[in-house]
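Colleague: Have a look at this one.
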Amino acid sequence: MPNSAPDPIADAPPPPTDSVGRRLLAAVPFGVVLFGTWLVLSPKRDLFHLGLGAATAAAVALLTARLVAQPPSLSAPHTGHTSLRQMPWLRFVGYLPWLAWQVVVAGLEVTYTVLHPRLPISPRIVRITAPLPHTLAKLTLANSITLTPGTVTLDVEGDTFLVHALTEDGSRDLQGGAMSDRVSSLFTAGDDSPGT
Amino acid sequence: MNVLATVMLVVGFGFILAGVIGILRLPDFYCRLHAMGKCDTLGVALMLGGLAVLEGFTLTSVKLLLVVVFISLANPTATHALGRAAVRAGLRPWTTTEPGS
């Protein structure tokens, strides 16, 4: 995101371009989603509260229109084929239960390590390289590493992931590359998926 | 239902407690990130999920589950931001292996 807009939180009006109309149009679905969220969260159905919700949703949608309208830096600069709409959502949904299970395993392992009387840790910093097609895939891998047992992603530069591992097992699993393969297949084979 | 909710609350509390013990026992900043990022996410998710079970299917439980979703997105992000800031600031990790190996 930082490389797309120089100052994304500035509330100054966006510079006038010929795509202003399209940008406002793109803000409409987002505003509808926001208002739906308001309806879920606010049980009061009188005119005042509904009006407040509508005004808030409209204001937020308009203020963030610039960010919503441009497909953010999730797209790959060199291939340019990935937007959120073209993502293999079905496969992504299949990835989630595995990830949730990994979160539980991670919690148990850290709990075990921490409560162990001898505190059996051997922390280290590991670099792994995973050639992934675009930023969204890198983001997914980085977050998955953080959520799985014994490892936390510290930094990403290019294809290199800087990871802190709490135990030797964690770093060995990571260098086995099972997770980067999983994330990689999640995204790279997605060209034939529906929605393109 | 009450039994399930109680189990979730107690187990969630156990994870949060383990996270706190981890912060106290682990040797350095990076290791403490593990205790923060993992035990707390799991513990808070379990406790709020337990409260949602106790509440039944109402608007309140939907709100609680939304909070769970937001926390499970925000907590790893915060963990990552802290770790990255520490790396950029040049904080050396505590380690038991020889430096450079």
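In the structure tokens, chains take letters A, B, ... by order of appearance, with residues numbered from 1 within each chain and ligands from 1 in the order shown.
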Could you please select, counting only C-alpha atoms, the residues of chain A within 9 Å of chain B and state them as a ChimeraX atom specification?
Modeller: /A:40-43,103-104,106-108,110-115,119,121-125,142-143,146-156,164-166
Colleague: Apply DSSP to the backbone of this structure and, from chain B, keep only the residues in helix (DSSP H, G or I); write these as an MDAnalysis selection string.
Modeller: chainID B and resid 2:25 29:55 59:88
Colleague: May I ask which of the residues A:Leu47, A:Ala26, A:Trp38, A:Ala130 is the closest one to Ala61 (chain A), counting only C-alpha atoms?
Modeller: A:Ala26
Colleague: Smallest atom-to-atom distance to Leu39 (chain A): which of A:Leu139, A:Leu162, A:Leu52, A:Leu67, using only C-alpha atoms?
Modeller: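 Between A:Leu139, A:Leu162, A:Leu52, A:Leu67, the residue approaching Leu39 (chain A) most closely is A:Leu52.
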Colleague: Please compute the CA of Thr129 (chain A)-CA of Asp159 (chain A) distance, one decimal, in Å.
Modeller: 5.5 Å
Colleague: If we count only C-alpha atoms and set the cut-off at 10 Å, which residues sit around Ser180 (chain A), ignoring sequence neighbours fewer than 5 positions away in its own chain? Please answer as a list in words.
Modeller: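 So the residues in contact are Ile128, Thr129, Ala130, Pro131, Leu132, Ala137, Lys138, Thr140, Leu141, Ala142, Ser144, Ile145, Leu174, Gln175, Ser185 and Leu186 of chain A.
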Colleague: Report, in Å with one decimal, the straight-line distance from CA of Val28 (chain A) to CA of Trp89 (chain A).
Modeller: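 Between CA of Val28 (chain A) and CA of Trp89 (chain A) the gap works out to 22.6 Å.
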Colleague: As a ChimeraX atom specification, please: all residues of region 115-190 of chain A that backbone DSSP puts in strand (DSSP E or B).
Modeller: /A:124-129,151-157,160-165
Colleague: Write a file of the selected residues as a JSON list (two decimals), in the first residue's frame, keeping N, CA and C atoms.
Modeller:
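Result went into out37.json, see below:
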[["chain", "number", "residue", "atom", "x", "y", "z"],
["A", 124, "ARG", "N", 16.29, -18.71, 17.17],
["A", 124, "ARG", "CA", 17.21, -18.36, 16.08],
["A", 124, "ARG", "C", 16.47, -17.60, 14.98],
["A", 125, "ILE", "N", 17.25, -16.92, 14.18],
["A", 125, "ILE", "CA", 16.68, -16.20, 13.03],
["A", 125, "ILE", "C", 16.97, -17.02, 11.79],
["A", 126, "VAL", "N", 15.96, -17.22, 10.97],
["A", 126, "VAL", "CA", 16.10, -18.05, 9.78],
["A", 126, "VAL", "C", 15.69, -17.22, 8.57],
["A", 127, "ARG", "N", 16.44, -17.39, 7.49],
["A", 127, "ARG", "CA", 16.03, -16.78, 6.23],
["A", 127, "ARG", "C", 15.51, -17.86, 5.31],
["A", 128, "ILE", "N", 14.35, -17.69, 4.75],
["A", 128, "ILE", "CA", 13.91, -18.64, 3.72],
["A", 128, "ILE", "C", 13.58, -17.86, 2.46],
["A", 129, "THR", "N", 13.74, -18.52, 1.36],
["A", 129, "THR", "CA", 13.42, -17.91, 0.08],
["A", 129, "THR", "C", 12.24, -18.65, -0.53],
["A", 151, "THR", "N", 7.09, -20.04, 14.98],
["A", 151, "THR", "CA", 7.74, -19.12, 14.05],
["A", 151, "THR", "C", 6.96, -17.81, 13.95],
["A", 152, "VAL", "N", 7.69, -16.73, 13.78],
["A", 152, "VAL", "CA", 7.09, -15.41, 13.58],
["A", 152, "VAL", "C", 7.85, -14.73, 12.44],
["A", 153, "THR", "N", 7.12, -14.23, 11.46],
["A", 153, "THR", "CA", 7.76, -13.51, 10.36],
["A", 153, "THR", "C", 8.15, -12.11, 10.85],
["A", 154, "LEU", "N", 9.41, -11.75, 10.61],
["A", 154, "LEU", "CA", 9.85, -10.43, 11.03],
["A", 154, "LEU", "C", 9.87, -9.44, 9.88],
["A", 155, "ASP", "N", 10.33, -9.89, 8.72],
["A", 155, "ASP", "CA", 10.45, -8.94, 7.62],
["A", 155, "ASP", "C", 10.42, -9.69, 6.30],
["A", 156, "VAL", "N", 10.00, -9.01, 5.25],
["A", 156, "VAL", "CA", 9.99, -9.59, 3.92],
["A", 156, "VAL", "C", 10.69, -8.62, 2.99],
["A", 157, "GLU", "N", 11.69, -9.13, 2.28],
["A", 157, "GLU", "CA", 12.34, -8.29, 1.27],
["A", 157, "GLU", "C", 12.47, -9.09, 0.00],
["A", 160, "THR", "N", 12.72, -13.01, -0.01],
["A", 160, "THR", "CA", 13.34, -13.51, 1.20],
["A", 160, "THR", "C", 12.49, -13.16, 2.42],
["A", 161, "PHE", "N", 12.22, -14.18, 3.23],
["A", 161, "PHE", "CA", 11.45, -13.98, 4.45],
["A", 161, "PHE", "C", 12.38, -14.13, 5.64],
["A", 162, "LEU", "N", 12.40, -13.13, 6.49],
["A", 162, "LEU", "CA", 13.19, -13.19, 7.71],
["A", 162, "LEU", "C", 12.27, -13.68, 8.83],
["A", 163, "VAL", "N", 12.62, -14.84, 9.41],
["A", 163, "VAL", "CA", 11.71, -15.49, 10.34],
["A", 163, "VAL", "C", 12.43, -15.75, 11.65],
["A", 164, "HIS", "N", 11.75, -15.48, 12.76],
["A", 164, "HIS", "CA", 12.30, -15.85, 14.06],
["A", 164, "HIS", "C", 11.64, -17.15, 14.51],
["A", 165, "ALA", "N", 12.48, -18.16, 14.80],
["A", 165, "ALA", "CA", 11.96, -19.45, 15.23],
["A", 165, "ALA", "C", 12.29, -19.65, 16.70]]
Colleague: Between CA of Val93 (chain A) and CA of His134 (chain A), what is the distance in Å, rounded to a tenth?
Modeller: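 Between these atoms lies a distance of 19.0 Å.
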Colleague: Within 9 Å of Tyr95 (chain A), counting only C-alpha atoms, which residues qualify if same-chain residues fewer than 3 places away don't, as a VMD selection string?
Modeller: chain A and resid 90 to 92 98 to 100 182 to 183 186
